[in-house]
file my_file.csv (CSV, C-alpha atoms (C1' of nucleotides))
chain,number,residue,atom,x,y,z
Y,1,MET,CA,-2.6,37.0,21.3
Y,2,PRO,CA,-3.9,33.8,19.6
Y,3,LYS,CA,-6.5,31.8,21.4
Y,4,GLU,CA,-5.7,28.6,23.2
Y,5,LEU,CA,-6.0,25.5,21.1
Y,6,SER,CA,-8.8,23.1,22.0
Y,7,THR,CA,-8.5,19.4,22.6
Y,8,ALA,CA,-10.4,18.9,19.3
Y,9,GLU,CA,-7.8,20.9,17.5
Y,10,TYR,CA,-4.9,19.0,19.0
Y,11,GLN,CA,-6.7,15.8,18.1
Y,12,ALA,CA,-7.2,16.9,14.5
Y,13,LEU,CA,-3.5,17.8,14.1
Y,14,ALA,CA,-2.5,14.5,15.7
Y,15,GLU,CA,-4.8,12.5,13.4
Y,16,LEU,CA,-3.4,14.3,10.4
Y,17,ARG,CA,0.1,13.4,11.4
Y,18,TYR,CA,-0.9,9.8,12.2
Y,19,ARG,CA,-2.4,9.3,8.7
Y,20,ILE,CA,0.6,10.8,6.9
Y,21,ARG,CA,2.9,8.8,9.1
Y,22,LYS,CA,1.0,5.5,8.5
Y,23,PHE,CA,1.0,6.1,4.8
Y,24,LEU,CA,4.8,6.9,4.7
Y,25,ARG,CA,5.7,4.0,6.9
Y,26,GLU,CA,3.9,1.5,4.6
Y,27,GLY,CA,6.5,2.5,2.0
Y,28,ASP,CA,9.3,2.3,4.5
Y,29,THR,CA,8.3,-1.3,5.3
Y,30,VAL,CA,8.6,-2.3,1.7
Y,31,ALA,CA,11.9,-0.5,1.3
Y,32,SER,CA,13.4,-2.2,4.3
Y,33,GLU,CA,12.4,-5.6,3.0
Y,34,THR,CA,14.6,-5.0,0.0
Y,35,GLY,CA,17.5,-3.9,2.2
Y,36,LEU,CA,17.0,-0.1,1.7
Y,37,GLU,CA,16.7,2.3,4.5
Y,38,PRO,CA,13.8,4.7,4.2
Y,39,GLN,CA,15.9,7.7,3.3
Y,40,GLN,CA,17.9,5.6,0.8
Y,41,TYR,CA,14.7,4.7,-1.1
Y,42,LEU,CA,13.7,8.3,-1.1
Y,43,LEU,CA,17.0,9.4,-2.6
Y,44,LEU,CA,16.8,6.8,-5.3
Y,45,LEU,CA,13.3,7.9,-6.1
Y,46,MET,CA,14.3,11.6,-6.2
Y,47,ILE,CA,17.2,10.8,-8.6
Y,48,ARG,CA,15.0,8.7,-10.9
Y,49,GLY,CA,12.0,11.0,-10.6
Y,50,ILE,CA,13.9,14.3,-11.0
Y,51,PRO,CA,11.6,16.8,-12.8
Y,52,ASN,CA,12.2,17.4,-16.5
Y,53,GLY,CA,14.6,20.2,-17.0
Y,54,GLN,CA,16.5,19.5,-13.8
Y,55,GLU,CA,19.6,17.5,-13.2
Y,56,ALA,CA,20.3,15.2,-10.2
Y,57,THR,CA,22.9,17.4,-8.6
Y,58,VAL,CA,23.6,17.6,-4.9
Y,59,SER,CA,21.9,21.0,-4.6
Y,60,ASN,CA,18.8,20.0,-6.6
Y,61,LEU,CA,18.5,16.8,-4.6
Y,62,ALA,CA,18.8,18.7,-1.4
Y,63,GLU,CA,15.9,20.9,-2.5
Y,64,ARG,CA,13.7,17.9,-3.4
Y,65,LEU,CA,14.6,16.1,-0.1
Y,66,VAL,CA,14.2,19.4,1.9
Y,67,LEU,CA,17.6,18.8,3.5
Y,68,LYS,CA,20.8,20.8,4.0
Y,69,HIS,CA,23.2,20.0,1.2
Y,70,HIS,CA,25.8,18.3,3.4
Y,71,SER,CA,23.1,15.9,4.7
Y,72,VAL,CA,22.6,14.8,1.1
Y,73,VAL,CA,26.3,14.5,0.5
Y,74,GLU,CA,26.5,12.1,3.5
Y,75,LEU,CA,23.5,10.2,2.3
Y,76,ILE,CA,25.1,9.8,-1.1
Y,77,ASP,CA,28.3,8.6,0.6
Y,78,ARG,CA,26.4,5.8,2.3
Y,79,MET,CA,24.6,4.9,-1.0
Y,80,GLU,CA,27.9,4.8,-2.9
Y,81,ALA,CA,29.3,2.5,-0.3
Y,82,HIS,CA,26.5,0.1,-1.2
Y,83,SER,CA,27.0,0.6,-5.0
Y,84,TYR,CA,23.5,2.0,-5.3
Y,85,VAL,CA,24.5,5.2,-6.9
Y,86,ARG,CA,27.6,6.9,-8.4
Y,87,ARG,CA,28.9,10.4,-8.6
Y,88,SER,CA,30.3,12.1,-11.6
Y,89,ARG,CA,31.6,15.6,-12.0
Y,90,SER,CA,29.6,17.8,-14.3
Y,91,ARG,CA,31.4,18.9,-17.5
Y,92,GLU,CA,29.5,22.2,-17.7
Y,93,ASP,CA,30.2,23.3,-14.1
Y,94,ARG,CA,33.0,21.5,-12.4
Y,95,ARG,CA,31.7,22.5,-9.0
Y,96,SER,CA,28.6,20.4,-9.6
Y,97,VAL,CA,28.3,16.6,-9.0
Y,98,LEU,CA,25.8,14.6,-10.9
Y,99,VAL,CA,24.3,11.6,-9.1
Y,100,SER,CA,23.0,8.6,-11.1
Y,101,LEU,CA,21.6,5.2,-10.3
Y,102,LEU,CA,23.7,2.1,-10.6
Y,103,PRO,CA,22.0,-1.1,-11.8
Y,104,ARG,CA,21.7,-2.3,-8.3
Y,105,GLY,CA,20.0,0.8,-7.1
Y,106,GLU,CA,17.8,0.9,-10.1
Y,107,LYS,CA,16.6,-2.6,-9.5
Y,108,LEU,CA,15.9,-2.1,-5.8
Y,109,LEU,CA,14.1,1.2,-6.6
Y,110,GLU,CA,11.9,-0.6,-9.1
Y,111,GLN,CA,10.9,-3.3,-6.6
Y,112,VAL,CA,9.8,-0.7,-4.0
Y,113,ALA,CA,8.3,1.7,-6.4
Y,114,GLN,CA,6.2,-1.0,-8.0
Y,115,HIS,CA,4.8,-1.8,-4.6
Y,116,ARG,CA,4.3,1.8,-3.8
Y,117,VAL,CA,2.3,2.5,-7.0
Y,118,SER,CA,0.0,-0.4,-6.0
Y,119,GLU,CA,-0.4,0.9,-2.5
Y,120,LEU,CA,-1.0,4.4,-3.8
Y,121,ARG,CA,-4.1,3.1,-5.6
Y,122,ALA,CA,-5.3,1.5,-2.4
Y,123,SER,CA,-4.5,4.1,0.2
Y,124,GLY,CA,-3.4,7.3,-1.6
Y,125,ALA,CA,-6.9,8.5,-2.2
Y,126,ALA,CA,-7.9,7.7,1.4
Y,127,LEU,CA,-5.0,9.8,2.6
Y,128,ALA,CA,-6.0,12.7,0.4
Y,129,ASN,CA,-9.6,12.4,1.6
Y,130,ALA,CA,-8.6,12.1,5.2
Y,131,ILE,CA,-6.5,15.3,4.9
Y,132,ALA,CA,-9.3,17.1,3.2
Y,133,ALA,CA,-11.9,15.9,5.7
Y,134,LEU,CA,-9.8,17.0,8.6
Y,135,LEU,CA,-9.3,20.4,7.0
Y,136,LYS,CA,-12.9,20.8,6.1
Y,137,ASN,CA,-14.0,20.4,9.7
Y,138,GLY,CA,-13.9,24.1,10.5
Y,139,ARG,CA,-14.6,23.4,14.1
Y,140,ALA,CA,-11.3,21.6,14.5
Y,141,PHE,CA,-9.5,24.8,13.6
Y,142,HIS,CA,-10.9,27.8,15.3
Y,143,GLY,CA,-14.4,27.0,14.3
Y,144,ARG,CA,-13.9,28.8,11.0
Y,145,ARG,CA,-14.4,27.4,7.5
Y,146,ILE,CA,-11.3,26.9,5.5
Y,147,SER,CA,-11.3,28.3,2.0
Y,148,MET,CA,-9.9,25.5,-0.2
Y,149,ALA,CA,-7.3,26.6,-2.7
Y,150,ARG,CA,-8.3,25.6,-6.3
Y,151,PRO,CA,-6.1,22.8,-7.5
Y,152,ARG,CA,-4.0,23.2,-10.6
Y,153,LYS,CA,-4.2,20.8,-13.6
Y,154,GLY,CA,-2.6,17.4,-13.7
Y,155,LEU,CA,1.1,17.2,-13.9
Y,156,GLU,CA,1.4,16.1,-17.5
Y,157,LYS,CA,-0.6,18.9,-18.8
Y,158,ARG,CA,1.4,21.4,-17.0
Y,159,ARG,CA,4.5,20.7,-19.1
Y,160,GLY,CA,4.2,21.7,-22.7
C,1,MET,CA,4.9,-9.9,-14.0
C,2,PRO,CA,4.2,-6.2,-13.5
C,3,LYS,CA,5.1,-3.8,-16.3
C,4,GLU,CA,8.1,-1.5,-15.9
C,5,LEU,CA,7.3,1.8,-14.4
C,6,SER,CA,7.6,4.8,-16.7
C,7,THR,CA,9.6,8.0,-16.0
C,8,ALA,CA,6.3,9.8,-15.5
C,9,GLU,CA,5.3,7.4,-12.8
C,10,TYR,CA,8.6,7.8,-11.0
C,11,GLN,CA,8.2,11.6,-11.3
C,12,ALA,CA,4.6,11.4,-9.9
C,13,LEU,CA,5.8,9.3,-6.9
C,14,ALA,CA,8.7,11.6,-6.3
C,15,GLU,CA,6.5,14.7,-6.5
C,16,LEU,CA,4.1,13.2,-4.0
C,17,ARG,CA,6.9,12.6,-1.6
C,18,TYR,CA,8.4,16.0,-2.1
C,19,ARG,CA,5.1,17.7,-1.3
C,20,ILE,CA,4.5,15.6,1.8
C,21,ARG,CA,8.1,16.2,2.9
C,22,LYS,CA,7.9,19.9,2.3
C,23,PHE,CA,4.7,20.1,4.4
C,24,LEU,CA,6.2,18.1,7.3
C,25,ARG,CA,9.5,20.0,7.3
C,26,GLU,CA,7.6,23.3,7.7
C,27,GLY,CA,6.5,22.0,11.0
C,28,ASP,CA,9.9,20.7,11.9
C,29,THR,CA,11.4,24.1,11.4
C,30,VAL,CA,8.9,25.7,13.8
C,31,ALA,CA,9.5,22.9,16.3
C,32,SER,CA,13.3,23.3,16.2
C,33,GLU,CA,13.0,27.0,16.8
C,34,THR,CA,11.4,26.2,20.2
C,35,GLY,CA,14.2,23.7,20.9
C,36,LEU,CA,12.2,20.6,20.1
C,37,GLU,CA,13.4,17.9,17.8
C,38,PRO,CA,10.9,16.9,15.2
C,39,GLN,CA,10.1,13.6,16.8
C,40,GLN,CA,9.8,15.2,20.2
C,41,TYR,CA,7.1,17.6,19.0
C,42,LEU,CA,5.3,14.7,17.4
C,43,LEU,CA,5.3,12.8,20.7
C,44,LEU,CA,3.9,15.8,22.6
C,45,LEU,CA,1.2,16.2,20.0
C,46,MET,CA,0.3,12.5,20.1
C,47,ILE,CA,0.0,12.6,23.9
C,48,ARG,CA,-2.1,15.8,23.9
C,49,GLY,CA,-4.2,14.7,20.9
C,50,ILE,CA,-4.8,11.1,21.9
C,51,PRO,CA,-8.2,10.0,20.6
C,52,ASN,CA,-11.1,10.0,23.0
C,53,GLY,CA,-11.4,6.7,24.8
C,54,GLN,CA,-7.6,6.0,24.6
C,55,GLU,CA,-4.9,6.6,27.1
C,56,ALA,CA,-1.4,7.8,26.4
C,57,THR,CA,0.4,4.5,27.2
C,58,VAL,CA,3.6,3.4,25.6
C,59,SER,CA,1.8,0.9,23.4
C,60,ASN,CA,-0.9,3.3,22.3
C,61,LEU,CA,1.6,5.9,21.5
C,62,ALA,CA,3.7,3.4,19.6
C,63,GLU,CA,0.7,2.7,17.4
C,64,ARG,CA,-0.1,6.4,16.8
C,65,LEU,CA,3.6,7.1,16.0
C,66,VAL,CA,3.9,3.9,13.9
C,67,LEU,CA,7.0,2.9,15.8
C,68,LYS,CA,8.2,-0.2,17.7
C,69,HIS,CA,7.4,0.1,21.4
C,70,HIS,CA,11.0,0.3,22.5
C,71,SER,CA,11.6,3.3,20.2
C,72,VAL,CA,8.8,5.1,22.0
C,73,VAL,CA,10.3,4.1,25.3
C,74,GLU,CA,13.6,5.7,24.3
C,75,LEU,CA,12.0,8.8,23.0
C,76,ILE,CA,10.1,9.2,26.3
C,77,ASP,CA,13.5,8.7,28.1
C,78,ARG,CA,14.9,11.7,26.2
C,79,MET,CA,11.8,13.8,26.8
C,80,GLU,CA,11.9,13.0,30.5
C,81,ALA,CA,15.5,14.2,30.6
C,82,HIS,CA,14.2,17.6,29.4
C,83,SER,CA,11.3,17.6,31.8
C,84,TYR,CA,8.8,17.8,28.9
C,85,VAL,CA,6.9,14.7,30.0
C,86,ARG,CA,6.5,12.4,32.9
C,87,ARG,CA,5.7,8.7,33.4
C,88,SER,CA,3.4,7.2,35.9
C,89,ARG,CA,2.4,3.6,36.5
C,90,SER,CA,-1.2,2.8,35.7
C,91,ARG,CA,-3.3,1.8,38.8
C,92,GLU,CA,-5.5,-0.5,36.7
C,93,ASP,CA,-2.8,-2.4,35.1
C,94,ARG,CA,0.6,-2.1,36.6
C,95,ARG,CA,2.4,-3.2,33.5
C,96,SER,CA,1.2,0.0,31.7
C,97,VAL,CA,2.9,3.3,31.9
C,98,LEU,CA,0.9,6.5,31.4
C,99,VAL,CA,2.7,9.4,29.8
C,100,SER,CA,1.6,13.0,30.4
C,101,LEU,CA,2.8,16.5,29.6
C,102,LEU,CA,4.7,18.6,32.1
C,103,PRO,CA,4.0,22.3,32.0
C,104,ARG,CA,7.2,22.9,30.0
C,105,GLY,CA,6.2,20.4,27.3
C,106,GLU,CA,2.7,21.7,27.2
C,107,LYS,CA,4.0,25.2,26.6
C,108,LEU,CA,6.3,24.2,23.9
C,109,LEU,CA,3.7,22.1,22.2
C,110,GLU,CA,1.3,25.0,22.2
C,111,GLN,CA,3.8,27.3,20.6
C,112,VAL,CA,4.4,24.9,17.7
C,113,ALA,CA,0.9,23.8,17.4
C,114,GLN,CA,-0.5,27.3,17.1
C,115,HIS,CA,1.9,27.9,14.3
C,116,ARG,CA,1.0,24.6,12.6
C,117,VAL,CA,-2.7,25.3,12.7
C,118,SER,CA,-2.0,28.6,10.9
C,119,GLU,CA,0.1,26.8,8.3
C,120,LEU,CA,-2.5,24.1,7.9
C,121,ARG,CA,-4.9,26.8,6.7
C,122,ALA,CA,-2.3,28.1,4.3
C,123,SER,CA,-0.9,24.9,2.9
C,124,GLY,CA,-3.0,21.9,4.2
C,125,ALA,CA,-5.6,22.2,1.5
C,126,ALA,CA,-2.9,22.6,-1.1
C,127,LEU,CA,-1.3,19.4,0.1
C,128,ALA,CA,-4.6,17.5,-0.1
C,129,ASN,CA,-5.2,18.9,-3.5
C,130,ALA,CA,-1.8,18.1,-4.7
C,131,ILE,CA,-2.1,14.5,-3.6
C,132,ALA,CA,-5.6,14.1,-5.1
C,133,ALA,CA,-4.4,15.7,-8.4
C,134,LEU,CA,-1.5,13.3,-8.6
C,135,LEU,CA,-3.7,10.3,-7.9
C,136,LYS,CA,-6.4,11.4,-10.2
C,137,ASN,CA,-4.1,11.6,-13.2
C,138,GLY,CA,-4.4,8.0,-14.4
C,139,ARG,CA,-1.6,8.3,-16.9
C,140,ALA,CA,0.9,8.7,-14.1
C,141,PHE,CA,0.1,5.3,-12.8
C,142,HIS,CA,0.0,2.6,-15.5
C,143,GLY,CA,-2.0,4.8,-17.8
C,144,ARG,CA,-5.2,3.5,-16.2
C,145,ARG,CA,-7.7,5.7,-14.5
C,146,ILE,CA,-7.7,5.2,-10.7
C,147,SER,CA,-11.1,4.7,-9.2
C,148,MET,CA,-11.1,7.3,-6.5
C,149,ALA,CA,-12.6,6.4,-3.2
C,150,ARG,CA,-15.7,8.4,-3.0
C,151,PRO,CA,-15.1,11.4,-0.8
C,152,ARG,CA,-17.9,12.8,1.3
C,153,LYS,CA,-17.9,15.8,-0.9
C,154,GLY,CA,-15.8,16.4,-4.0
C,155,LEU,CA,-12.6,18.2,-3.2
C,156,GLU,CA,-13.0,20.9,-5.8
C,157,LYS,CA,-16.6,21.4,-5.3
C,158,ARG,CA,-16.6,21.5,-1.6
C,159,ARG,CA,-15.8,25.1,-1.0
C,160,GLY,CA,-16.0,28.2,-3.1
N,1,DT,C1',-3.5,-22.3,44.3
N,2,DG,C1',0.2,-22.8,41.3
N,3,DC,C1',1.8,-22.9,36.7
N,4,DT,C1',1.9,-21.3,32.0
N,5,DA,C1',1.2,-18.2,28.3
N,6,DG,C1',0.6,-13.7,26.9
N,7,DT,C1',1.3,-8.7,27.4
N,8,DA,C1',3.7,-4.2,28.6
N,9,DT,C1',7.8,-1.9,29.3
N,10,DA,C1',12.9,-1.5,29.6
N,11,DT,C1',18.0,-1.8,28.3
N,12,DC,C1',21.9,-2.2,25.2
N,13,DG,C1',24.6,-2.4,21.0
N,14,DT,C1',24.6,-0.8,16.5
N,15,DG,C1',24.0,1.9,12.4
N,16,DG,C1',21.4,5.5,9.9
N,17,DC,C1',20.3,10.4,9.8
N,18,DA,C1',20.8,15.5,10.2
N,19,DC,C1',22.9,19.6,11.4
N,20,DG,C1',26.5,23.5,12.5
N,21,DA,C1',31.0,24.7,11.8
N,22,DT,C1',34.6,24.8,8.7
N,23,DA,C1',37.3,23.9,4.5
N,24,DT,C1',38.4,23.6,-0.6
N,25,DA,C1',37.5,24.2,-5.5
N,26,DA,C1',35.3,26.4,-9.2
N,27,DA,C1',32.6,30.1,-11.4
N,28,DT,C1',31.2,34.8,-11.6
N,29,DA,C1',31.5,39.7,-10.9
N,30,DT,C1',34.2,43.8,-10.6
X,1,DA,C1',43.9,40.1,-11.0
X,2,DT,C1',41.2,40.1,-7.1
X,3,DA,C1',37.0,39.6,-4.5
X,4,DT,C1',32.7,37.4,-4.0
X,5,DT,C1',29.5,33.8,-4.6
X,6,DT,C1',28.3,29.0,-5.3
X,7,DA,C1',28.8,23.8,-5.0
X,8,DT,C1',30.5,20.1,-2.6
X,9,DA,C1',33.0,17.9,1.2
X,10,DT,C1',34.5,16.6,6.1
X,11,DC,C1',34.1,16.2,11.1
X,12,DG,C1',32.1,16.2,15.7
X,13,DT,C1',27.9,15.6,17.9
X,14,DG,C1',23.3,14.3,19.2
X,15,DC,C1',18.8,12.3,17.8
X,16,DC,C1',16.4,8.3,16.0
X,17,DA,C1',15.1,3.4,15.2
X,18,DC,C1',15.6,-1.4,15.5
X,19,DG,C1',16.7,-6.4,16.9
X,20,DA,C1',17.9,-9.0,20.7
X,21,DT,C1',17.1,-9.8,25.3
X,22,DA,C1',15.3,-9.2,30.0
X,23,DT,C1',11.9,-8.2,33.8
X,24,DA,C1',7.4,-7.5,35.7
X,25,DC,C1',2.5,-8.0,35.6
X,26,DT,C1',-2.0,-10.0,34.1
X,27,DA,C1',-5.0,-13.6,32.5
X,28,DG,C1',-6.2,-18.3,31.8
X,29,DC,C1',-6.4,-23.0,33.1
X,30,DA,C1',-5.9,-27.4,35.5

call {"tool": "encode", "arguments": {"input": "my_file.csv", "output": "structure tokens"}}
result
Amino acid sequence: MPKELSTAEYQALAELRYRIRKFLREGDTVASETGLEPQQYLLLLMIRGIPNGQEATVSNLAERLVLKHHSVVELIDRMEAHSYVRRSRSREDRRSVLVSLLPRGEKLLEQVAQHRVSELRASGAALANAIAALLKNGRAFHGRRISMARPRKGLEKRRG
Amino acid sequence: MPKELSTAEYQALAELRYRIRKFLREGDTVASETGLEPQQYLLLLMIRGIPNGQEATVSNLAERLVLKHHSVVELIDRMEAHSYVRRSRSREDRRSVLVSLLPRGEKLLEQVAQHRVSELRASGAALANAIAALLKNGRAFHGRRISMARPRKGLEKRRG
DNA sequence: TGCTAGTATATCGTGGCACGATATAAATAT
DNA sequence: ATATTTATATCGTGCCACGATATACTAGCA
């Protein structure tokens, strides 16, 4: 039976969530200033930033957004209504739908993403450090030291 | 006029959001297994994990959740309906409402938080490292090296 | 002491979001 | 040719978040 969590542990979990939340909501604020809902910006970003070797299909986007596929379908519906994206049926597999940005979506995405890149420089490192500091504090989590996983190499180097 | 963002930059932003999203949704899954909605778990956690020296008032909770105060009011309404929390009027300032956990809420929070602490050990460090790695790679953001805020100890070096 | 300004919470209408259940179409396996 | 699997789509439902607006309480000031 696991031990009861202490107040310090609850506070550490809460602080972690607060920092992540604050960081994400900064981006949401910028998105809403351009007329985009937070999830809409995220979908545009996931379409534009789909990993190499993948296509922006409903199922791939569902995976990247960590949502059930029909939630993505409905999100795309709403985006189509605003002319941010369009659907087209895949030639290779006619069950699949490819989602691509329309110029309006591309432009709005760029405005938000520009801002987000700037903010990442300002606060992204602080977020990473805050998370690492919270994890490092062994006392916050059962008083035992956490063994940090060794990070992999940078993204660009991974792909050959 | 800022330069156009490259595909690599979009991919880096998208990857960052994917990792954060994946991490958060792990917790959501555990929360929903206990019958809690994601935001409900978060509210319970913010009440229990309020920083020392603060009280769990609507305005303090709104700050910790990075929400408008009336969104917190409505969230508390829904939680009260489930007997997870209760409101009480502050003696010191009768405008303020103090929110506290009821036994049912406390129990559900503990179940989820226990699981989250375990998962933090497993994936929290990976998240921090992923964020740091994405930020560190200067090419992903305008090809210029980002000057990392100096962490107390280097992430990689901290623990072997 | 009374009035004004500021602060904290509450309510309502509205639209976005997410899911489970269910359905259809296409591809694959047998 | 049939059965199974996979991809997307639709609907009902409840949760979430905000702007606009309202009420109650506290603090400051003349």

call {"tool": "atom_distance", "arguments": {"input": "my_file.csv", "atom1": "CA of Arg21 in chain Y", "atom2": "CA of Leu127 in chain Y"}}
result
10.3 Å

call {"tool": "atom_distance", "arguments": {"input": "my_file.csv", "atom1": "CA of Arg19 in chain Y", "atom2": "CA of Lys3 in chain C"}}
result
29.2 Å

call {"tool": "residues_around", "arguments": {"input": "my_file.csv", "residues": "DT24 in chain N", "least_positions_apart": "2", "cutoff": "12 Å", "atoms": "all atoms listed in the file", "output": "PyMOL selection string"}}
result
(chain Y and resi 95) or (chain N and resi 22+26) or (chain X and resi 7-10)

call {"tool": "write_last_selection", "arguments": {"input": "my_file.csv", "atoms": "C-alpha atoms (C1' of nucleotides)", "output": "PDB file, in the coordinates of the input"}}
result
ATOM      1  CA  ARG Y  95      31.700  22.500  -9.000  1.00  0.00           C
TER       2      ARG Y  95
ATOM      3  C1'  DT N  22      34.600  24.800   8.700  1.00  0.00           C
ATOM      4  C1'  DA N  26      35.300  26.400  -9.200  1.00  0.00           C
TER       5       DA N  26
ATOM      6  C1'  DA X   7      28.800  23.800  -5.000  1.00  0.00           C
ATOM      7  C1'  DT X   8      30.500  20.100  -2.600  1.00  0.00           C
ATOM      8  C1'  DA X   9      33.000  17.900   1.200  1.00  0.00           C
ATOM      9  C1'  DT X  10      34.500  16.600   6.100  1.00  0.00           C
TER      10       DT X  10
END

call {"tool": "atom_distance", "arguments": {"input": "my_file.csv", "atom1": "CA of Gln54 in chain Y", "atom2": "CA of Val66 in chain Y"}}
result
15.9 Å

call {"tool": "residues_around", "arguments": {"input": "my_file.csv", "residues": "DG6 in chain N", "least_positions_apart": "2", "cutoff": "12 Å", "atoms": "all atoms listed in the file", "output": "number ranges by chain"}}
result
N: 4, 8; X: 25-28

call {"tool": "closest_atom_pairs", "arguments": {"input": "my_file.csv", "of": "chain C", "to": "chain X", "cutoff": "10 Å", "atoms": "only C-alpha atoms (C1' of nucleotides)", "output": "JSON lines"}}
result
{"residue": "C:Glu37", "atom": "CA", "partner": "X:DC15", "partner_atom": "C1'", "distance": 7.8}
{"residue": "C:Pro38", "atom": "CA", "partner": "X:DC15", "partner_atom": "C1'", "distance": 9.5}
{"residue": "C:Gln39", "atom": "CA", "partner": "X:DC16", "partner_atom": "C1'", "distance": 8.3}
{"residue": "C:Gln40", "atom": "CA", "partner": "X:DC15", "partner_atom": "C1'", "distance": 9.8}
{"residue": "C:Leu67", "atom": "CA", "partner": "X:DA17", "partner_atom": "C1'", "distance": 8.1}
{"residue": "C:Lys68", "atom": "CA", "partner": "X:DC18", "partner_atom": "C1'", "distance": 7.8}
{"residue": "C:His70", "atom": "CA", "partner": "X:DC18", "partner_atom": "C1'", "distance": 8.5}
{"residue": "C:Ser71", "atom": "CA", "partner": "X:DA17", "partner_atom": "C1'", "distance": 6.1}
{"residue": "C:Val72", "atom": "CA", "partner": "X:DA17", "partner_atom": "C1'", "distance": 9.4}
{"residue": "C:Glu74", "atom": "CA", "partner": "X:DC16", "partner_atom": "C1'", "distance": 9.1}
{"residue": "C:Leu75", "atom": "CA", "partner": "X:DC16", "partner_atom": "C1'", "distance": 8.3}
{"residue": "C:Arg78", "atom": "CA", "partner": "X:DC15", "partner_atom": "C1'", "distance": 9.3}
{"residue": "C:Asp93", "atom": "CA", "partner": "X:DT26", "partner_atom": "C1'", "distance": 7.7}
{"residue": "C:Arg94", "atom": "CA", "partner": "X:DC25", "partner_atom": "C1'", "distance": 6.3}
{"residue": "C:Arg95", "atom": "CA", "partner": "X:DC25", "partner_atom": "C1'", "distance": 5.2}
{"residue": "C:Ser96", "atom": "CA", "partner": "X:DC25", "partner_atom": "C1'", "distance": 9.0}

call {"tool": "interface_residues", "arguments": {"input": "my_file.csv", "of": "chain N", "to": "chain C", "cutoff": "12 Å", "atoms": "all atoms listed in the file", "output": "VMD selection string"}}
result
chain N and resid 7 to 12 18 to 19

call {"tool": "residues_around", "arguments": {"input": "my_file.csv", "residues": "Leu45 in chain Y", "least_positions_apart": "4", "cutoff": "7 Å", "atoms": "all atoms listed in the file", "output": "PDB file with C-alpha atoms, keeping the file's coordinate frame"}}
result
ATOM      1  CA  TYR Y  41      14.700   4.700  -1.100  1.00  0.00           C
ATOM      2  CA  GLY Y  49      12.000  11.000 -10.600  1.00  0.00           C
ATOM      3  CA  LEU Y 109      14.100   1.200  -6.600  1.00  0.00           C
TER       4      LEU Y 109
ATOM      5  CA  TYR C  10       8.600   7.800 -11.000  1.00  0.00           C
ATOM      6  CA  ALA C  14       8.700  11.600  -6.300  1.00  0.00           C
TER       7      ALA C  14
END

call {"tool": "residues_around", "arguments": {"input": "my_file.csv", "residues": "His115 in chain C", "least_positions_apart": "2", "cutoff": "12 Å", "atoms": "only C-alpha atoms (C1' of nucleotides)", "output": "PyMOL selection string"}}
result
(chain Y and resi 2-5+13+141) or (chain C and resi 26-31+33-34+108-113+117-122)

call {"tool": "write_last_selection", "arguments": {"input": "my_file.csv", "atoms": "C-alpha atoms", "output": "mmCIF file, keeping the file's coordinate frame"}}
result
data_model
loop_
_atom_site.group_PDB
_atom_site.id
_atom_site.type_symbol
_atom_site.label_atom_id
_atom_site.label_comp_id
_atom_site.auth_asym_id
_atom_site.auth_seq_id
_atom_site.Cartn_x
_atom_site.Cartn_y
_atom_site.Cartn_z
ATOM 1 C CA PRO Y 2 -3.900 33.800 19.600
ATOM 2 C CA LYS Y 3 -6.500 31.800 21.400
ATOM 3 C CA GLU Y 4 -5.700 28.600 23.200
ATOM 4 C CA LEU Y 5 -6.000 25.500 21.100
ATOM 5 C CA LEU Y 13 -3.500 17.800 14.100
ATOM 6 C CA PHE Y 141 -9.500 24.800 13.600
ATOM 7 C CA GLU C 26 7.600 23.300 7.700
ATOM 8 C CA GLY C 27 6.500 22.000 11.000
ATOM 9 C CA ASP C 28 9.900 20.700 11.900
ATOM 10 C CA THR C 29 11.400 24.100 11.400
ATOM 11 C CA VAL C 30 8.900 25.700 13.800
ATOM 12 C CA ALA C 31 9.500 22.900 16.300
ATOM 13 C CA GLU C 33 13.000 27.000 16.800
ATOM 14 C CA THR C 34 11.400 26.200 20.200
ATOM 15 C CA LEU C 108 6.300 24.200 23.900
ATOM 16 C CA LEU C 109 3.700 22.100 22.200
ATOM 17 C CA GLU C 110 1.300 25.000 22.200
ATOM 18 C CA GLN C 111 3.800 27.300 20.600
ATOM 19 C CA VAL C 112 4.400 24.900 17.700
ATOM 20 C CA ALA C 113 0.900 23.800 17.400
ATOM 21 C CA VAL C 117 -2.700 25.300 12.700
ATOM 22 C CA SER C 118 -2.000 28.600 10.900
ATOM 23 C CA GLU C 119 0.100 26.800 8.300
ATOM 24 C CA LEU C 120 -2.500 24.100 7.900
ATOM 25 C CA ARG C 121 -4.900 26.800 6.700
ATOM 26 C CA ALA C 122 -2.300 28.100 4.300
#

call {"tool": "closest_residue", "arguments": {"input": "my_file.csv", "among": "Y:Ile50, Y:Leu16, Y:Val85, Y:Leu61", "to": "chain C", "atoms": "only C-alpha atoms"}}
result
Y:Ile50

call {"tool": "residues_around", "arguments": {"input": "my_file.csv", "residues": "Arg104 in chain Y", "least_positions_apart": "6", "cutoff": "9 Å", "atoms": "only C-alpha atoms (C1' of nucleotides)", "output": "PDB file with C-alpha atoms, keeping the file's coordinate frame"}}
result
ATOM      1  CA  HIS Y  82      26.500   0.100  -1.200  1.00  0.00           C
ATOM      2  CA  SER Y  83      27.000   0.600  -5.000  1.00  0.00           C
ATOM      3  CA  TYR Y  84      23.500   2.000  -5.300  1.00  0.00           C
ATOM      4  CA  VAL Y  85      24.500   5.200  -6.900  1.00  0.00           C
TER       5      VAL Y  85
END
